[in-house]
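Before any comments, here is the structure.
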Amino acid sequence: MDRLMAKFTFATGNVALLKRIPLYLLGAIATFVVPRTDRVWVFGCGIGPGEGALPLLRQARERVGKDVRLVWLATTDRELRQAKDLGLDAVRKFGVRGFWLTLRARVQVVTHGQGDVNRYAARGGFLVQLWHGIPLKRLHLDSPAALAAPNPLARFLLERGHRAIGKQIRLFPVSSERVVSRIASAFGLTREQIVVSGDPRDDVLLQGTPRERRERARTDLVDAVGELAGGPVVMYAPTWREGAGDPAQPDSATWRDIAAWLDRVDGTLIVRSHPLGNGVYEAGPAISPRVKLLDVTVRNEVTHLLPAIDHLVTDYSSMAFDFALTGGTIVFLAVDVDTYLNTRGLYEPYRAFTGGRHVTNWPHAVELLDQLVRRDPDTLAAAEAHVRWLRDEHFDHLDGHACERVLDEIAWRLDSLPSASRPDPGPLGRGRAALTGIVVEPDRMIATLEPGADEITALGLEGPRVRVPGSSTTVDGGVRAEFPLLTSQWGADGLALPSGDYRLTFGGALPTTRVAVRVQALPDVTHELFHAAVAAEDGGLVVRIGPPLHADERGAANQKALRREYLRNRRPTPENAVYFESFYGRTVADNPRAIARVLEREHPDVRRYWSVGDRSVAVPPGGVPLVEYSREWWRVRAEARVYVINNWVRGTYRKRKHQKVLQTGHGTMLERLSRDRDIGRRRRLTALTQSYRWNALLAQNDYSAERFRNSYGYRGPTWVTGYPRNDVLHDTARAADVRKIVGVPDGMRVVLYAPTWRDDRDDRDDRVDRVDHLDLEVFAQQLPDDTVLLVRGHSRTIEGGNDVNGSRLIDVTTYPDTGELMLIADVLVTDYSSVMFDFVSTDKPMVFYAPDLAHYVDVMRGFYFDFVAEAPGPVVETGADLLAALTEVDTVAEKYAAKRAAWRARFTPHDDGAAAERVVRRIYGEGWLG
């Protein structure tokens, strides 16, 4: 069977797009000369006659009459024949007629892009972009992969091109309010360009009775692939991977196992590769006739066939959303979650999309399918509940009339309806609950709601790392709910919620975010600890929590004025104070915190300011929280005599004559830093500029002192004092309190998993999620019963990550002091993190879990020495090997005792519990503070 190989990639497509710029310009000139007519509409689709364009054309035939010519524009001769066989008026889009018809057409309907019609004549038409499914994967402007280009100028031009095309879109129908913000962001659209009408391609899944839909689909499926067995029909539909092969493609042994299971259940497996997919599946039909390939050359679209499918197996495909309308169950098979999320990114957490039940190999997928076929009560109930959640969250219209609503909207926007009123969208979903009132107070939010089709239960605000449970009472048939806006964390009380978006959720095990907002003026208030702006967004309610900046401190214009004032203040009054900053204000921790402890004890007269991103960051007693970018923050940065920081000095900094900067760093390095890597001329210069701002550099040992000096071109004083942050490792009396705060039960052994971050994980908002090569919840259960797993993400993952918790699993990423976690840990698991150089001073065992070792060394960072040869613990690359090492941890400790001793002599000779005292004495000895 012929297959369409995946020759297209974003990079090659973007290069071709740039080369066509002159043709676009010539075509644009023609659009200014040739007038458009309402009597011609053109339709096109990137995969041939199908998607939403085909049913919309057919519906338009019945609505607009014979006076309007409805033309299908075909790319290939095959597509042209196919369109004519369907009874369509069709021409080649790249011919003279295709160019002319597009040039004249008032309405242009596409499902992929302007290239679905004649792209050179599209400017100025009424462009209707139907797209081809609810986006899960990040698109266009939201996806660095989609903007892949050979150089920054080309990327700039591509981004401008995408935005220009977005401005030409006059109408973008979507399935629900939940999808609106994704489309607006990806295409650069305004809300006015988007209409919640339902997706025309899904009408076929909602029209008629379920039995009629199944019979129609089954007849066409048999016509496409041949007779089906009497048992369940399963479809495997992986998504596109930009030209790469399907990593879940079964090998011969796996195909035989799949075939054996199909024999047992009398089933059929339909393999449907993505139209641009690059999987090779011919081995399946060769092994068993029960495996059938549904190639794009046989059916270019399969939406209408979905009612014939009992179970879908997919990874990240938007087909899962469409399939949810059929009521069938889904098995999510994704072997490359970590890699795929890093290269493409998703609009919602993969755990939410899958219901937290994805598997990573075919044996587990077949096991789940078998449980579904046997109707195992727990498995079936969970799968069916999740399918209902996908449907109810992502579809606002379930009546099969999306095409009619889209045509109504086109007619209204073209002013061709007799009435000037906008079309009524009709009832949404199953009957949403409604928000009728909301108030934000200094410590809580109060909301009133009216129930919809379902009872309002388990109210909460879901946000970054925090779920805020609500309490509710019934009042006059409605619900009055209260949500605390202050929280406690790791023993600190009265903290603001971490900055971010908090979505109102309710509904129990599968909570919904969908609620109709009937309040016109939503609160936007600033209290002492936070700023809160409430918004109706994505078909629900969002409470946007931020730092407590006042109106004259928020926004680019106000910050520009404050910075100007800061720079002009050339002779500020020096204050005998220390400005502390740890990890850019994400936390109060590390070397700066240890130094502050000694200052508090020995020099309480010195004012200790802490720069914090918001008031969710707990500041030690006696310290003064300083919200970054506030007016006071700018003042202290000009007046404080000493800076103690473990991150780069911010670009807004201007050093005064009275100021000294102590750069403490935040770890001895294994991986290459800064100018020791190939980072480009611009970043090398930035690194060098940083070092010029430091008056002294703190180092844990002679090794790191040399590496810091070389990598930053630093020539100033280096204080090799040991690391203050490790002083706590000698305070064994503190361990019991830490275990209690963290929640470690008495008698439990502690495994601390603390991976570093990855340079290639930053998304466009500079947020990074935790490195997760393990299914942590499953792995925690596999550890011995007397063991609890603490998960510590890098500080860079605090903002973008999400907590994971389970039985014997505690996420401690936001815990302020890594040293205290090392104090209670019995064994450390890390990859390449500098925490290894701290933990070795405890002489407790370490295991190095490095599944991406080759990539990290050869592509990303590189090491300063042969880590595998010198590591003071086993270096493992699989979860099974890691589990084996932890199960035999006493043997590991004994085997690597000599290497740990060598590391202590080399890396921690000064970590004796008094490093912070030495640093403070040095500060006063140098006369930095009086």
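Going through the structure tokens in order, the chains are called A, B, and so on, while each chain numbers its residues from 1 and the ligands are numbered from 1 in the order shown.
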
Find the spatial neighbours of segment 290-292 of chain A, counting only C-alpha atoms, within a cut-off of 6 Å - ignore same-chain residues fewer than 6 positions away - and output them as a PDB file with C-alpha atoms, in the first residue's frame.
```pdb
ATOM      1  CA  THR A 268      -9.310  -5.788  14.621  1.00  0.00           C
ATOM      2  CA  LEU A 269      -6.585  -3.140  14.845  1.00  0.00           C
ATOM      3  CA  ILE A 270      -6.795  -0.237  12.403  1.00  0.00           C
ATOM      4  CA  GLY A 284       1.626  -5.724  11.334  1.00  0.00           C
TER       5      GLY A 284
END
```

Requested in this report: Find the residues around segment 361-372 of chain A up to 12 Å (only C-alpha atoms counted), leave out those fewer than 6 positions away in its own chain, and share them as a PyMOL selection string.
Outcome: chain A and resi 231-236+247-251+253-267+269+310-315+328-337+378-384

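Put simply, atom CA of Leu127 of chain A is 25.3 Å away from atom CA of Arg81 of chain A.
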
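Among the candidate residues A:Val68, A:Arg214, A:Ala60, A:Ile410, the one lying nearest to Gln129 of chain A is A:Ile410, with distances computed using only C-alpha atoms.
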
Per residue of segment 514-553 of chain A within 12 Å of segment 450-472 of chain A, note the shortest atom pair and the distance in Å to one decimal, counting only C-alpha atoms, and order the rows by chain and increasing residue number, as JSON lines.
```
{"residue": "A:Arg514", "atom": "CA", "partner": "A:Gly452", "partner_atom": "CA", "distance": 10.4}
{"residue": "A:Val515", "atom": "CA", "partner": "A:Gly452", "partner_atom": "CA", "distance": 8.8}
{"residue": "A:Ala516", "atom": "CA", "partner": "A:Gly452", "partner_atom": "CA", "distance": 9.5}
{"residue": "A:Val517", "atom": "CA", "partner": "A:Glu450", "partner_atom": "CA", "distance": 10.4}
{"residue": "A:Arg518", "atom": "CA", "partner": "A:Glu450", "partner_atom": "CA", "distance": 10.3}
{"residue": "A:Gly540", "atom": "CA", "partner": "A:Leu461", "partner_atom": "CA", "distance": 11.4}
{"residue": "A:Leu541", "atom": "CA", "partner": "A:Leu461", "partner_atom": "CA", "distance": 9.5}
{"residue": "A:Val542", "atom": "CA", "partner": "A:Leu461", "partner_atom": "CA", "distance": 8.6}
{"residue": "A:Val543", "atom": "CA", "partner": "A:Leu461", "partner_atom": "CA", "distance": 8.2}
{"residue": "A:Arg544", "atom": "CA", "partner": "A:Gly463", "partner_atom": "CA", "distance": 9.4}
{"residue": "A:Ile545", "atom": "CA", "partner": "A:Gly463", "partner_atom": "CA", "distance": 9.4}
```

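Candidate residues A:Leu141, A:Ala640, A:Ala149, A:Leu495 were compared for distance to Arg656 of chain A, and the nearest is A:Ala640, using only C-alpha atoms.
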
Query - Val868 of chain A environment, 12 Å, only C-alpha atoms, sequence neighbours closer than 2 positions dropped, as number ranges by chain - result: A: 670, 831-832, 847-850, 853-854, 857, 863-866, 870-877, 899

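Of the listed residues (A:Pro289, A:Gly125, A:Gly198, A:Gly245), A:Pro289 comes nearest to Ala229 of chain A; the distances count only C-alpha atoms.
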
Query raised in the report: Do you have the atom CA of Gly507 of chain A-atom CA of Ala481 of chain A distance handy?
Result: 13.7 Å

Query - Spatial neighbours of Leu88 of chain A, 10 Å, only C-alpha atoms, chain gap at least 2 places, as a VMD selection string - result: chain A and resid 49 54 57 to 58 70 to 73 80 to 86 90 to 91

Output N, CA and C atoms for every residue in the selection just made, as a compact mmCIF listing (two decimals), in the first residue's frame.
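Once written, out_13.txt looks like this:
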```txt
# COMPACT_ATOMS: atom_id res chain seq x y z
N PRO A 49 -10.29 16.82 -0.06
CA PRO A 49 -11.68 17.07 0.33
C PRO A 49 -12.00 16.43 1.68
N LEU A 54 -15.35 20.49 3.80
CA LEU A 54 -16.27 19.73 2.96
C LEU A 54 -17.71 19.80 3.48
N LEU A 57 -19.07 23.31 2.85
CA LEU A 57 -19.43 23.55 1.45
C LEU A 57 -20.79 22.93 1.13
N ARG A 58 -20.99 21.70 1.60
CA ARG A 58 -22.26 21.03 1.32
C ARG A 58 -23.43 21.78 1.97
N LEU A 70 -19.61 27.85 -5.60
CA LEU A 70 -18.84 27.26 -4.51
C LEU A 70 -17.80 26.33 -5.13
N VAL A 71 -16.53 26.67 -5.04
CA VAL A 71 -15.48 25.97 -5.77
C VAL A 71 -14.51 25.31 -4.80
N TRP A 72 -14.21 24.03 -5.07
CA TRP A 72 -13.17 23.35 -4.32
C TRP A 72 -11.85 23.50 -5.08
N LEU A 73 -10.83 23.99 -4.39
CA LEU A 73 -9.51 24.16 -5.01
C LEU A 73 -8.62 22.99 -4.62
N LEU A 80 -8.15 16.49 -7.35
CA LEU A 80 -9.12 17.06 -8.27
C LEU A 80 -10.15 16.01 -8.68
N ARG A 81 -9.68 14.80 -9.01
CA ARG A 81 -10.59 13.71 -9.38
C ARG A 81 -11.50 13.35 -8.21
N GLN A 82 -10.91 13.29 -7.01
CA GLN A 82 -11.68 12.95 -5.83
C GLN A 82 -12.78 13.97 -5.58
N ALA A 83 -12.47 15.25 -5.73
CA ALA A 83 -13.46 16.29 -5.51
C ALA A 83 -14.58 16.19 -6.54
N LYS A 84 -14.23 15.96 -7.78
CA LYS A 84 -15.27 15.85 -8.83
C LYS A 84 -16.12 14.61 -8.62
N ASP A 85 -15.50 13.52 -8.13
CA ASP A 85 -16.28 12.31 -7.84
C ASP A 85 -17.30 12.56 -6.74
N LEU A 86 -17.01 13.53 -5.87
CA LEU A 86 -17.94 13.90 -4.80
C LEU A 86 -18.99 14.89 -5.27
N ALA A 90 -14.73 21.77 -9.01
CA ALA A 90 -13.34 21.76 -8.54
C ALA A 90 -12.39 22.17 -9.65
N VAL A 91 -11.34 22.90 -9.27
CA VAL A 91 -10.28 23.29 -10.20
C VAL A 91 -8.95 23.19 -9.47
```

Can you pull out every residue within 12 Å of Pro909 of chain A, counting only C-alpha atoms, but drop anything in the same chain fewer than 2 positions away, and send it as an mmCIF file with N, CA, C and O atoms, in the first residue's frame?
```cif
data_model
loop_
_atom_site.group_PDB
_atom_site.id
_atom_site.type_symbol
_atom_site.label_atom_id
_atom_site.label_comp_id
_atom_site.auth_asym_id
_atom_site.auth_seq_id
_atom_site.Cartn_x
_atom_site.Cartn_y
_atom_site.Cartn_z
ATOM 1 N N ALA A 699 33.596 30.907 46.820
ATOM 2 C CA ALA A 699 33.797 29.589 46.230
ATOM 3 C C ALA A 699 33.817 28.530 47.327
ATOM 4 O O ALA A 699 34.296 28.772 48.443
ATOM 5 N N GLN A 700 33.315 27.348 46.996
ATOM 6 C CA GLN A 700 33.277 26.252 47.949
ATOM 7 C C GLN A 700 34.649 25.614 48.117
ATOM 8 O O GLN A 700 34.974 25.104 49.183
ATOM 9 N N ASN A 701 35.462 25.677 47.043
ATOM 10 C CA ASN A 701 36.744 24.978 47.040
ATOM 11 C C ASN A 701 37.644 25.578 45.970
ATOM 12 O O ASN A 701 37.201 26.420 45.160
ATOM 13 N N ASP A 702 38.878 25.162 45.936
ATOM 14 C CA ASP A 702 39.832 25.700 44.959
ATOM 15 C C ASP A 702 39.441 25.326 43.531
ATOM 16 O O ASP A 702 39.639 26.114 42.596
ATOM 17 N N TYR A 703 38.907 24.130 43.368
ATOM 18 C CA TYR A 703 38.483 23.678 42.043
ATOM 19 C C TYR A 703 37.446 24.636 41.455
ATOM 20 O O TYR A 703 37.570 25.112 40.314
ATOM 21 N N VAL A 720 37.611 31.669 49.243
ATOM 22 C CA VAL A 720 37.413 30.220 49.325
ATOM 23 C C VAL A 720 37.179 29.885 50.793
ATOM 24 O O VAL A 720 38.124 29.610 51.548
ATOM 25 N N THR A 721 35.938 29.914 51.184
ATOM 26 C CA THR A 721 35.567 29.776 52.597
ATOM 27 C C THR A 721 34.788 28.499 52.886
ATOM 28 O O THR A 721 34.450 28.229 54.037
ATOM 29 N N GLY A 722 34.473 27.706 51.861
ATOM 30 C CA GLY A 722 33.441 26.689 52.017
ATOM 31 C C GLY A 722 32.100 27.329 51.758
ATOM 32 O O GLY A 722 31.967 28.558 51.652
ATOM 33 N N TYR A 723 31.055 26.505 51.646
ATOM 34 C CA TYR A 723 29.734 27.038 51.322
ATOM 35 C C TYR A 723 28.894 27.232 52.580
ATOM 36 O O TYR A 723 28.606 26.271 53.315
ATOM 37 N N ASN A 726 25.907 24.934 53.460
ATOM 38 C CA ASN A 726 26.118 23.592 53.992
ATOM 39 C C ASN A 726 26.378 23.576 55.493
ATOM 40 O O ASN A 726 26.558 22.502 56.068
ATOM 41 N N PHE A 837 28.007 17.810 45.202
ATOM 42 C CA PHE A 837 29.227 18.285 45.849
ATOM 43 C C PHE A 837 28.961 18.745 47.283
ATOM 44 O O PHE A 837 29.896 18.860 48.077
ATOM 45 N N ASP A 838 27.713 19.019 47.611
ATOM 46 C CA ASP A 838 27.338 19.357 48.982
ATOM 47 C C ASP A 838 27.065 18.088 49.792
ATOM 48 O O ASP A 838 27.550 17.936 50.913
ATOM 49 N N VAL A 840 28.068 15.124 49.474
ATOM 50 C CA VAL A 840 29.191 14.219 49.724
ATOM 51 C C VAL A 840 29.812 14.466 51.093
ATOM 52 O O VAL A 840 30.406 13.563 51.694
ATOM 53 N N SER A 841 29.652 15.676 51.631
ATOM 54 C CA SER A 841 30.230 15.962 52.948
ATOM 55 C C SER A 841 29.544 15.180 54.053
ATOM 56 O O SER A 841 30.087 15.046 55.152
ATOM 57 N N ALA A 901 35.263 9.665 49.965
ATOM 58 C CA ALA A 901 36.324 10.286 50.763
ATOM 59 C C ALA A 901 37.208 11.168 49.889
ATOM 60 O O ALA A 901 37.601 12.275 50.295
ATOM 61 N N ALA A 902 37.505 10.705 48.675
ATOM 62 C CA ALA A 902 38.335 11.510 47.765
ATOM 63 C C ALA A 902 37.613 12.792 47.374
ATOM 64 O O ALA A 902 38.235 13.860 47.280
ATOM 65 N N TRP A 903 36.312 12.693 47.161
ATOM 66 C CA TRP A 903 35.536 13.897 46.817
ATOM 67 C C TRP A 903 35.493 14.872 47.994
ATOM 68 O O TRP A 903 35.562 16.084 47.796
ATOM 69 N N ARG A 904 35.354 14.358 49.214
ATOM 70 C CA ARG A 904 35.320 15.267 50.364
ATOM 71 C C ARG A 904 36.631 16.023 50.484
ATOM 72 O O ARG A 904 36.638 17.232 50.773
ATOM 73 N N ALA A 905 37.715 15.336 50.260
ATOM 74 C CA ALA A 905 39.015 16.004 50.358
ATOM 75 C C ALA A 905 39.175 17.061 49.276
ATOM 76 O O ALA A 905 39.785 18.117 49.502
ATOM 77 N N ARG A 906 38.607 16.802 48.109
ATOM 78 C CA ARG A 906 38.781 17.724 46.982
ATOM 79 C C ARG A 906 37.763 18.857 46.982
ATOM 80 O O ARG A 906 38.108 20.003 46.681
ATOM 81 N N PHE A 907 36.515 18.547 47.323
ATOM 82 C CA PHE A 907 35.440 19.511 47.111
ATOM 83 C C PHE A 907 34.870 20.136 48.387
ATOM 84 O O PHE A 907 34.272 21.215 48.315
ATOM 85 N N ASP A 911 33.847 22.818 54.381
ATOM 86 C CA ASP A 911 32.450 22.740 54.819
ATOM 87 C C ASP A 911 32.393 22.119 56.213
ATOM 88 O O ASP A 911 32.057 20.947 56.398
ATOM 89 N N ASP A 912 32.711 22.936 57.205
ATOM 90 C CA ASP A 912 32.818 22.467 58.587
ATOM 91 C C ASP A 912 31.743 23.014 59.498
ATOM 92 O O ASP A 912 31.813 22.856 60.718
ATOM 93 N N GLY A 913 30.746 23.699 58.947
ATOM 94 C CA GLY A 913 29.681 24.261 59.756
ATOM 95 C C GLY A 913 29.890 25.709 60.150
ATOM 96 O O GLY A 913 29.022 26.296 60.808
ATOM 97 N N ALA A 914 31.016 26.300 59.750
ATOM 98 C CA ALA A 914 31.318 27.685 60.145
ATOM 99 C C ALA A 914 31.612 28.571 58.947
ATOM 100 O O ALA A 914 32.197 29.647 59.102
ATOM 101 N N ALA A 915 31.233 28.174 57.751
ATOM 102 C CA ALA A 915 31.548 28.952 56.555
ATOM 103 C C ALA A 915 30.882 30.318 56.587
ATOM 104 O O ALA A 915 31.489 31.333 56.227
#
```

Requested in this report: Please give the complete set of residues from segment 530-666 of chain A that DSSP, run on the backbone, assigns to helix (DSSP H, G or I), formatted as a PyMOL selection string.
Outcome: chain A and resi 556-568+583-585+590-602+631-639

Write out the residues from the selection above, keeping C-alpha atoms, as a tab-separated table (two decimals), in the first residue's frame.
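What landed in again28.tsv:
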```tsv
chain	number	residue	atom	x	y	z
A	556	ALA	CA	5.88	49.03	31.35
A	557	ALA	CA	5.39	52.80	31.42
A	558	ASN	CA	5.45	53.02	35.22
A	559	GLN	CA	8.46	50.73	35.47
A	560	LYS	CA	10.28	52.83	32.90
A	561	ALA	CA	9.64	55.91	35.04
A	562	LEU	CA	10.84	54.17	38.22
A	563	ARG	CA	13.98	52.95	36.52
A	564	ARG	CA	14.67	56.42	35.17
A	565	GLU	CA	14.34	57.79	38.71
A	566	TYR	CA	16.71	55.06	39.98
A	567	LEU	CA	19.35	55.83	37.35
A	568	ARG	CA	19.16	59.59	37.89
A	583	PHE	CA	17.53	32.70	42.65
A	584	TYR	CA	16.06	35.97	41.35
A	585	GLY	CA	13.64	36.28	44.25
A	590	ASP	CA	21.04	28.97	49.69
A	591	ASN	CA	24.24	30.83	50.60
A	592	PRO	CA	22.53	34.24	51.05
A	593	ARG	CA	20.16	32.80	53.66
A	594	ALA	CA	22.97	31.17	55.63
A	595	ILE	CA	24.92	34.46	55.65
A	596	ALA	CA	21.79	36.34	56.75
A	597	ARG	CA	21.40	33.97	59.73
A	598	VAL	CA	24.84	34.90	61.05
A	599	LEU	CA	24.24	38.60	60.43
A	600	GLU	CA	20.98	38.37	62.37
A	601	ARG	CA	22.74	36.69	65.27
A	602	GLU	CA	25.94	38.74	65.42
A	631	ARG	CA	9.13	51.70	44.46
A	632	GLU	CA	10.86	50.56	47.70
A	633	TRP	CA	12.77	47.87	45.79
A	634	TRP	CA	14.23	50.47	43.47
A	635	ARG	CA	15.17	52.68	46.44
A	636	VAL	CA	16.97	49.95	48.38
A	637	ARG	CA	18.88	48.84	45.30
A	638	ALA	CA	20.36	52.34	45.15
A	639	GLU	CA	21.05	52.82	48.86
```

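Note that the spacing between atom CA of Gly133 of chain A and atom CA of Met319 of chain A amounts to 7.2 Å.
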
Requested in this report: Taking the DSSP assignment computed from this structure's backbone, write out as a ChimeraX atom specification all residues of segment 379-584 of chain A that belong to strand (DSSP E).
Outcome: /A:433-440,444-450,460-462,467-469,471-475,478-484,486-489,492-496,500-505,515-517,524-526,531-537,540-546,575-581

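Each of A:Arg106, A:Ala893, A:Val829, A:Ala121 was checked against Val33 of chain A using only C-alpha atoms; the smallest atom-to-atom distance is that of A:Ala121.
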